[in-house]
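K.L.:
Got a structure for you, questions after.
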Amino acid sequence: VPGSLSPDPREIREIGRQALDLVASYYESLATRGVLQPTTSAELRPQFAGPLPQTGESFATLLDTVQDVIARFSRHSAHPRMFGYIASPGLPIAAVGHMISAALNTNVSGWRSAPAATEIEWLVIRWLKEMLGLTHNGVGLLVSGGSMANFAGIAAARSACLPNVVRDGLHGTPGTQQLRLYTSTQAHVSIRKAVAMLGIGTANLREVQTTRDLRMDPAHLAHLIAEDRASGHLPFCVVASAGTAASGAMDPIGEIADLTRAQKLWLHVDAAYGGFAALAPSARAYFARIGDADSIALDPHKWLYLPVGCGCILYKDPAYARAAFAADADYTRVIGLQNDEAFAFWDYGPELSRPFRAFDLWLLLKSAGAAALAEAIEENIACARYCAALIETSHDFELLAPVDLSIVCFRYRPANYAGDLNAHNEKLLLALQRDGSSYLSNATIHGKFALRACVLNYRTTRRDMEVLLEDLRRVAKTF
Ligand SMILES: Cc1ncc(COP(=O)(O)O)c(C=O)c1O
């Protein structure tokens with residue numbers, strides 16, 4: 001249908017069939033592909049050259065480009081040995097779902113714009129709360145990802161401390177007091193970014209030390225808060241990590257919650273990576289006190305395996321979210337108790353136009369069920385623990401951090417190696433990435449260069465963990 005903005009139904013069916021063929025073949029090809037095909041920008045750019053097209057080409061030609069260039073030169077998140085980042089593999093049901101939601105093209109700004117989609121978003125938010133065992137009346141909404149969820153949670157915390165900050169700005173803060181936020185040295189960089197965007201200033205982010213296991217040290221947190229109060233500052237928020245990005249460490253949420261309650265501080269939990277481990281029986285105990293949090297950032301596009309574009313912020317008391325985001329600053333009204341049809345998501349978060357993110361979640365949970373997800377997440381944790389055990393019983397690898405969830409930080413340490421282990425492992429990482437059979441990233445653990453494997457893929461098996469270590473040994477022999 002070159003040149004047409006409005007193909008007829010027969011043509012739509014034909015291009016749809018061709019596209020679905022490509023999607024199915026792509027998933028099939030994962031068994032024989034590497035995680036990536038090495039290339040350079042100089043090699044790739046000419047493939048995408050050309051002037052602004054004035055006329056259309058056939059869809060089949062474009063699909064050839066998808067297959068031969070775009071898919072070929074993508075790093076395959078869906079690959080069972082893509083361990084590089086806290087990245088989801090995506091889901092076939094969501095690939096198909098996106099076609100449907102794009103056809104509906106719903107703008108989920110509020111109930112009136114999107115009655116069914118708004119009801120579905122409320123429903124999936126209730127389901128997400130149930131997954132975490134939350135029993136309070138809090139609400140939430142889907143956002144673009146964990147960074148935006150952290151921003152929204154900290155924005156609500158700021159309004160809880162300074163009710164007029166939206167109108168007055170931080171200039172309205174009494175005297176020379178500075179708002180102070182506390183998070184561990186291991187916290188995700190999006191916390192720092194949120195503090196910057198909210199005008200709090202990164203100098204007012206206090207880094208709390210961790211214990212040896214890389215979890216926030218509550219004693220040091222208490223010390224910093226006391227120090228700031230003595231200096232006349234205004235502590236307002238503690239951000240705990242339910243799974244740090246570097247090593248997956250779980251901060252002690254209960255102890256931190258006791259402190260924030262006693263100090264009357266907002267507790268935000270960044271559970272973007274680890275939150276859905278609450279579904280896994282072997283990790284559930286970590287989340288016993290998550291209900292104490294005033295706000296929680298989640299990322300269904302991480303460990304619920306959804307494709308990129310779906311984060312979630314949950315607020316225990318929506319009044320503070322309204323104080324931060326509602327244009328009329330009427331933050332006394334509670335969602336749901338008055339006129340549901342007047343509800344607008346943009347009173348509770350930063351966006352106005354919003355895609356139908358809840359559709360992915362609804363499709364996934366209705367088609368697979370929470371039990372299948374719990375099983376897959378538990379298996380990811382088991383794979384990470386298995387990998388850690390292989391490392392600990394090997395003669396040539398060394399585990400560098402405890403495995404709380406599904407991230408393994410380790411290094412190659414062949415017997416009698418006398419050189420610089422940091423430099424050696426860095427070289428090994430780059431060689432592994434070029435090799436393509438398995439993909440890792442890196443972290444710094446207690447000053448040491450670590451290889452970092454994140455297991456967040458329902459296709460990954462224990463055999464893949466063995467192959468990863470075999471790949472590292474094989475590649476190490478080449479230099
Ligand atoms: C702990 C943690 N918080 C926040 C984020 C940011 O999430 P997003 O990339 O969805 O913005 C990440 C990303 O990896 C993360 O691991």
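As shown in the structure tokens, the chain order sets the letters A, B, ...; within each chain, residues go from 1, and ligands are also counted from 1 in the order they appear.
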Find the spatial neighbours of Arg473 of chain A, counting only C-alpha atoms, within a cut-off of 10 Å - ignore same-chain residues fewer than 3 positions away - and output them as a PyMOL selection string.

P.N.:
chain A and resi 396-397+412+414+428+432+467-470+476-478

K.L.:
Those selected residues, please, written with C-alpha atoms and delivered as a compact mmCIF listing (two decimals), in the first residue's frame.

P.N.:
```txt
# COMPACT_ATOMS: atom_id res chain seq x y z
CA ASP A 396 38.90 -19.33 38.71
CA PHE A 397 35.95 -17.07 39.58
CA TYR A 412 37.52 -13.84 36.79
CA PRO A 414 42.53 -17.54 37.46
CA LEU A 428 37.45 -9.79 29.40
CA LEU A 432 32.82 -11.23 25.83
CA VAL A 467 27.32 -21.44 29.30
CA LEU A 468 28.04 -17.92 30.58
CA LEU A 469 30.98 -19.15 32.68
CA GLU A 470 32.16 -21.40 29.84
CA ALA A 476 39.77 -15.40 28.34
CA LYS A 477 41.97 -17.94 26.54
CA THR A 478 42.04 -15.72 23.44
```

K.L.:
Could you report the residues within 10 Å of ligand 1, using only C-alpha atoms and all ligand atoms, as a VMD selection string?

P.N.:
chain A and resid 85 to 87 143 to 151 186 to 191 240 to 249 269 to 275 297 to 302 308 to 312

K.L.:
Contacts of Ile125 of chain A at 9 Å or less, counting only C-alpha atoms, minus same-chain residues fewer than 6 places along, as a list of chain:residue names?

P.N.:
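With the cut-off at 9 Å, the set is A:Val139, A:Gly140, A:Leu141, A:Leu142, A:Cys312, A:Leu314, A:Ala358.
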
K.L.:
For each of A:Leu472, A:Ser109, A:Ile154, A:Ala160, take the minimum atom-to-atom distance to Ala196 of chain A, counting only C-alpha atoms, then give the residue where this is smallest.

P.N.:
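Closest to Ala196 of chain A of all the choices is A:Ile154.
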
K.L.:
Which one of A:Ala342, A:Gly349, A:Leu279, A:Ile120 sits closest to Ala376 of chain A if you count only C-alpha atoms?

P.N.:
A:Leu279

K.L.:
So, with only C-alpha atoms as the atoms that count, which of A:Leu430, A:Leu405, A:Ala117, A:Leu267 lies closest to Asn105 of chain A?

P.N.:
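Of A:Leu430, A:Leu405, A:Ala117, A:Leu267, the one nearest Asn105 of chain A, counting only C-alpha atoms, is A:Ala117.
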
K.L.:
From a DSSP pass on the backbone, collect the residues of segment 238-432 of chain A flagged as strand (DSSP E) and hand them back as a short mmCIF file (atom, residue, chain, number, x, y, z; two decimals) with C-alpha atoms, in the first residue's frame.

P.N.:
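The result, written out as result-v1.cif:
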```cif
data_model
loop_
_atom_site.label_atom_id
_atom_site.label_comp_id
_atom_site.auth_asym_id
_atom_site.auth_seq_id
_atom_site.Cartn_x
_atom_site.Cartn_y
_atom_site.Cartn_z
CA VAL A 238 14.41 8.72 52.75
CA VAL A 239 14.66 6.64 49.59
CA ALA A 240 15.26 2.95 50.25
CA SER A 241 16.14 0.57 47.42
CA TRP A 266 8.48 10.38 53.94
CA LEU A 267 9.61 6.88 52.97
CA HIS A 268 9.91 6.28 49.24
CA VAL A 269 10.94 2.78 48.16
CA ASP A 270 12.62 2.43 44.79
CA ALA A 271 11.42 -1.06 43.91
CA SER A 295 5.37 5.89 47.88
CA ILE A 296 6.78 3.03 45.83
CA ALA A 297 8.36 3.04 42.37
CA LEU A 298 7.79 -0.12 40.33
CA GLY A 311 6.72 2.14 35.10
CA CYS A 312 4.40 2.69 38.05
CA ILE A 313 4.18 5.00 41.05
CA LEU A 314 2.06 4.00 44.05
CA TYR A 315 1.11 6.57 46.69
CA PHE A 397 35.95 -17.07 39.58
CA GLU A 398 35.29 -14.97 42.69
CA LEU A 399 31.90 -13.72 43.93
CA ILE A 407 22.07 -9.94 40.08
CA VAL A 408 25.47 -11.65 40.34
CA CYS A 409 28.63 -9.51 40.68
CA PHE A 410 31.84 -11.47 40.29
CA ARG A 411 35.21 -11.51 38.59
CA TYR A 412 37.52 -13.84 36.79
#
```

K.L.:
Report, in Å with one decimal, the straight-line distance from atom CA of Ile290 of chain A to atom CA of Phe325 of chain A.

P.N.:
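Separation between atom CA of Ile290 of chain A and atom CA of Phe325 of chain A: 24.1 Å.
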
K.L.:
Skip Met465 of chain A itself and residues of its chain fewer than 4 positions away, then list as a VMD selection string all residues within 12 Å of it, counting only C-alpha atoms.

P.N.:
chain A and resid 80 to 83 380 to 391 406 408 437 to 440 453 to 455 459 to 461 469 to 472

K.L.:
Quick one: write out the picked residues with N, CA and C atoms as an mmCIF file, in the first residue's frame?

P.N.:
```
data_model
loop_
_atom_site.group_PDB
_atom_site.id
_atom_site.type_symbol
_atom_site.label_atom_id
_atom_site.label_comp_id
_atom_site.auth_asym_id
_atom_site.auth_seq_id
_atom_site.Cartn_x
_atom_site.Cartn_y
_atom_site.Cartn_z
ATOM 1 N N PRO A 80 18.252 -15.380 25.854
ATOM 2 C CA PRO A 80 18.357 -15.930 27.216
ATOM 3 C C PRO A 80 19.683 -15.628 27.930
ATOM 4 N N ARG A 81 20.721 -15.242 27.163
ATOM 5 C CA ARG A 81 21.978 -14.890 27.846
ATOM 6 C C ARG A 81 22.303 -13.406 27.710
ATOM 7 N N MET A 82 21.250 -12.581 27.570
ATOM 8 C CA MET A 82 21.428 -11.126 27.668
ATOM 9 C C MET A 82 21.347 -10.780 29.160
ATOM 10 N N PHE A 83 22.511 -10.754 29.823
ATOM 11 C CA PHE A 83 22.563 -10.508 31.272
ATOM 12 C C PHE A 83 23.028 -9.085 31.577
ATOM 13 N N ASN A 380 14.257 -17.177 37.923
ATOM 14 C CA ASN A 380 15.357 -16.230 37.683
ATOM 15 C C ASN A 380 16.251 -16.130 38.916
ATOM 16 N N ILE A 381 15.617 -16.065 40.085
ATOM 17 C CA ILE A 381 16.386 -15.981 41.336
ATOM 18 C C ILE A 381 17.203 -17.271 41.511
ATOM 19 N N ALA A 382 16.581 -18.394 41.215
ATOM 20 C CA ALA A 382 17.277 -19.683 41.348
ATOM 21 C C ALA A 382 18.478 -19.741 40.397
ATOM 22 N N CYS A 383 18.319 -19.217 39.169
ATOM 23 C CA CYS A 383 19.431 -19.203 38.210
ATOM 24 C C CYS A 383 20.584 -18.354 38.744
ATOM 25 N N ALA A 384 20.253 -17.193 39.316
ATOM 26 C CA ALA A 384 21.306 -16.315 39.855
ATOM 27 C C ALA A 384 22.019 -17.008 41.020
ATOM 28 N N ARG A 385 21.248 -17.660 41.885
ATOM 29 C CA ARG A 385 21.863 -18.358 43.030
ATOM 30 C C ARG A 385 22.729 -19.533 42.534
ATOM 31 N N TYR A 386 22.239 -20.214 41.508
ATOM 32 C CA TYR A 386 23.000 -21.331 40.932
ATOM 33 C C TYR A 386 24.330 -20.820 40.379
ATOM 34 N N CYS A 387 24.271 -19.672 39.670
ATOM 35 C CA CYS A 387 25.481 -19.077 39.104
ATOM 36 C C CYS A 387 26.451 -18.716 40.236
ATOM 37 N N ALA A 388 25.920 -18.124 41.306
ATOM 38 C CA ALA A 388 26.771 -17.747 42.448
ATOM 39 C C ALA A 388 27.425 -18.989 43.042
ATOM 40 N N ALA A 389 26.674 -20.095 43.123
ATOM 41 C CA ALA A 389 27.230 -21.335 43.686
ATOM 42 C C ALA A 389 28.322 -21.888 42.775
ATOM 43 N N LEU A 390 28.094 -21.833 41.457
ATOM 44 C CA LEU A 390 29.132 -22.291 40.515
ATOM 45 C C LEU A 390 30.402 -21.465 40.696
ATOM 46 N N ILE A 391 30.204 -20.162 40.874
ATOM 47 C CA ILE A 391 31.346 -19.251 41.035
ATOM 48 C C ILE A 391 32.099 -19.586 42.326
ATOM 49 N N SER A 406 18.474 -11.230 41.853
ATOM 50 C CA SER A 406 18.891 -11.971 40.647
ATOM 51 C C SER A 406 20.062 -11.304 39.934
ATOM 52 N N VAL A 408 24.245 -10.990 39.864
ATOM 53 C CA VAL A 408 25.469 -11.646 40.339
ATOM 54 C C VAL A 408 26.660 -10.770 39.945
ATOM 55 N N SER A 437 28.064 -14.531 22.437
ATOM 56 C CA SER A 437 27.290 -15.671 22.925
ATOM 57 C C SER A 437 26.576 -15.344 24.236
ATOM 58 N N SER A 438 27.255 -14.579 25.100
ATOM 59 C CA SER A 438 26.646 -14.107 26.360
ATOM 60 C C SER A 438 26.990 -12.629 26.510
ATOM 61 N N TYR A 439 26.147 -11.894 27.245
ATOM 62 C CA TYR A 439 26.397 -10.457 27.380
ATOM 63 C C TYR A 439 26.321 -10.055 28.847
ATOM 64 N N LEU A 440 27.383 -9.402 29.335
ATOM 65 C CA LEU A 440 27.418 -8.898 30.713
ATOM 66 C C LEU A 440 27.670 -7.398 30.698
ATOM 67 N N ALA A 453 26.003 -9.830 36.121
ATOM 68 C CA ALA A 453 25.000 -10.588 35.372
ATOM 69 C C ALA A 453 23.627 -10.355 36.000
ATOM 70 N N CYS A 454 22.695 -9.832 35.223
ATOM 71 C CA CYS A 454 21.328 -9.598 35.717
ATOM 72 C C CYS A 454 20.417 -10.632 35.051
ATOM 73 N N VAL A 455 19.720 -11.417 35.852
ATOM 74 C CA VAL A 455 18.859 -12.474 35.299
ATOM 75 C C VAL A 455 17.395 -12.023 35.410
ATOM 76 N N ARG A 459 13.234 -16.903 29.656
ATOM 77 C CA ARG A 459 13.823 -17.932 28.790
ATOM 78 C C ARG A 459 15.119 -18.495 29.369
ATOM 79 N N THR A 460 15.685 -17.805 30.369
ATOM 80 C CA THR A 460 16.998 -18.205 30.891
ATOM 81 C C THR A 460 16.886 -19.473 31.731
ATOM 82 N N THR A 461 17.817 -20.399 31.507
ATOM 83 C CA THR A 461 17.829 -21.644 32.275
ATOM 84 C C THR A 461 19.157 -21.758 33.029
ATOM 85 N N LEU A 469 29.647 -18.958 32.099
ATOM 86 C CA LEU A 469 30.982 -19.146 32.675
ATOM 87 C C LEU A 469 31.915 -19.832 31.671
ATOM 88 N N GLU A 470 31.350 -20.761 30.887
ATOM 89 C CA GLU A 470 32.163 -21.403 29.835
ATOM 90 C C GLU A 470 32.599 -20.363 28.799
ATOM 91 N N ASP A 471 31.671 -19.479 28.424
ATOM 92 C CA ASP A 471 32.008 -18.421 27.454
ATOM 93 C C ASP A 471 33.143 -17.555 27.984
ATOM 94 N N LEU A 472 33.060 -17.187 29.269
ATOM 95 C CA LEU A 472 34.098 -16.325 29.850
ATOM 96 C C LEU A 472 35.458 -17.027 29.815
#
```

K.L.:
So, with only C-alpha atoms as the atoms that count, which of A:Asn107, A:Thr40, A:Ser77, A:Ser4 lies closest to Tyr27 of chain A?

P.N.:
A:Ser77

K.L.:
Find, counting only C-alpha atoms, the residue in A:Leu179, A:Arg192, A:Ile225, A:Leu134 that gets nearest to Phe287 of chain A.

P.N.:
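Ranked by minimum distance to Phe287 of chain A, first place goes to A:Leu134.
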
K.L.:
For Leu205 of chain A, list every protein, DNA or RNA residue within 7 Å, evaluated using only C-alpha atoms, and leave out those in the same chain fewer than 5 positions away; present the list as a PyMOL selection string.

P.N.:
chain A and resi 180-182

K.L.:
Name the residues in contact with segment 252-255 of chain A at a cut-off of 7 Å, using only C-alpha atoms, excluding same-chain residues fewer than 4 positions from it; report them as a list in words.

P.N.:
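Residues meeting the cut-off are Arg215, Met216, Pro218, Ala240, Leu259, Arg289 and Ile290 of chain A.
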
K.L.:
Give me the residues near Gln47 of chain A as an mmCIF file with N, CA and C atoms, in the first residue's frame, where near means some atom within 8 Å (using only C-alpha atoms) and where sequence neighbours in that chain fewer than 3 positions away do not count.

P.N.:
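Contents of out.cif, freshly written:
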```cif
data_model
loop_
_atom_site.group_PDB
_atom_site.id
_atom_site.type_symbol
_atom_site.label_atom_id
_atom_site.label_comp_id
_atom_site.auth_asym_id
_atom_site.auth_seq_id
_atom_site.Cartn_x
_atom_site.Cartn_y
_atom_site.Cartn_z
ATOM 1 N N GLU A 43 29.862 1.817 10.000
ATOM 2 C CA GLU A 43 29.342 0.760 9.145
ATOM 3 C C GLU A 43 27.818 0.878 8.991
ATOM 4 N N LEU A 44 27.179 1.261 10.092
ATOM 5 C CA LEU A 44 25.713 1.212 10.134
ATOM 6 C C LEU A 44 25.043 2.437 9.492
ATOM 7 N N VAL A 69 18.584 -5.335 8.629
ATOM 8 C CA VAL A 69 19.403 -4.277 9.242
ATOM 9 C C VAL A 69 18.946 -3.993 10.681
#
```
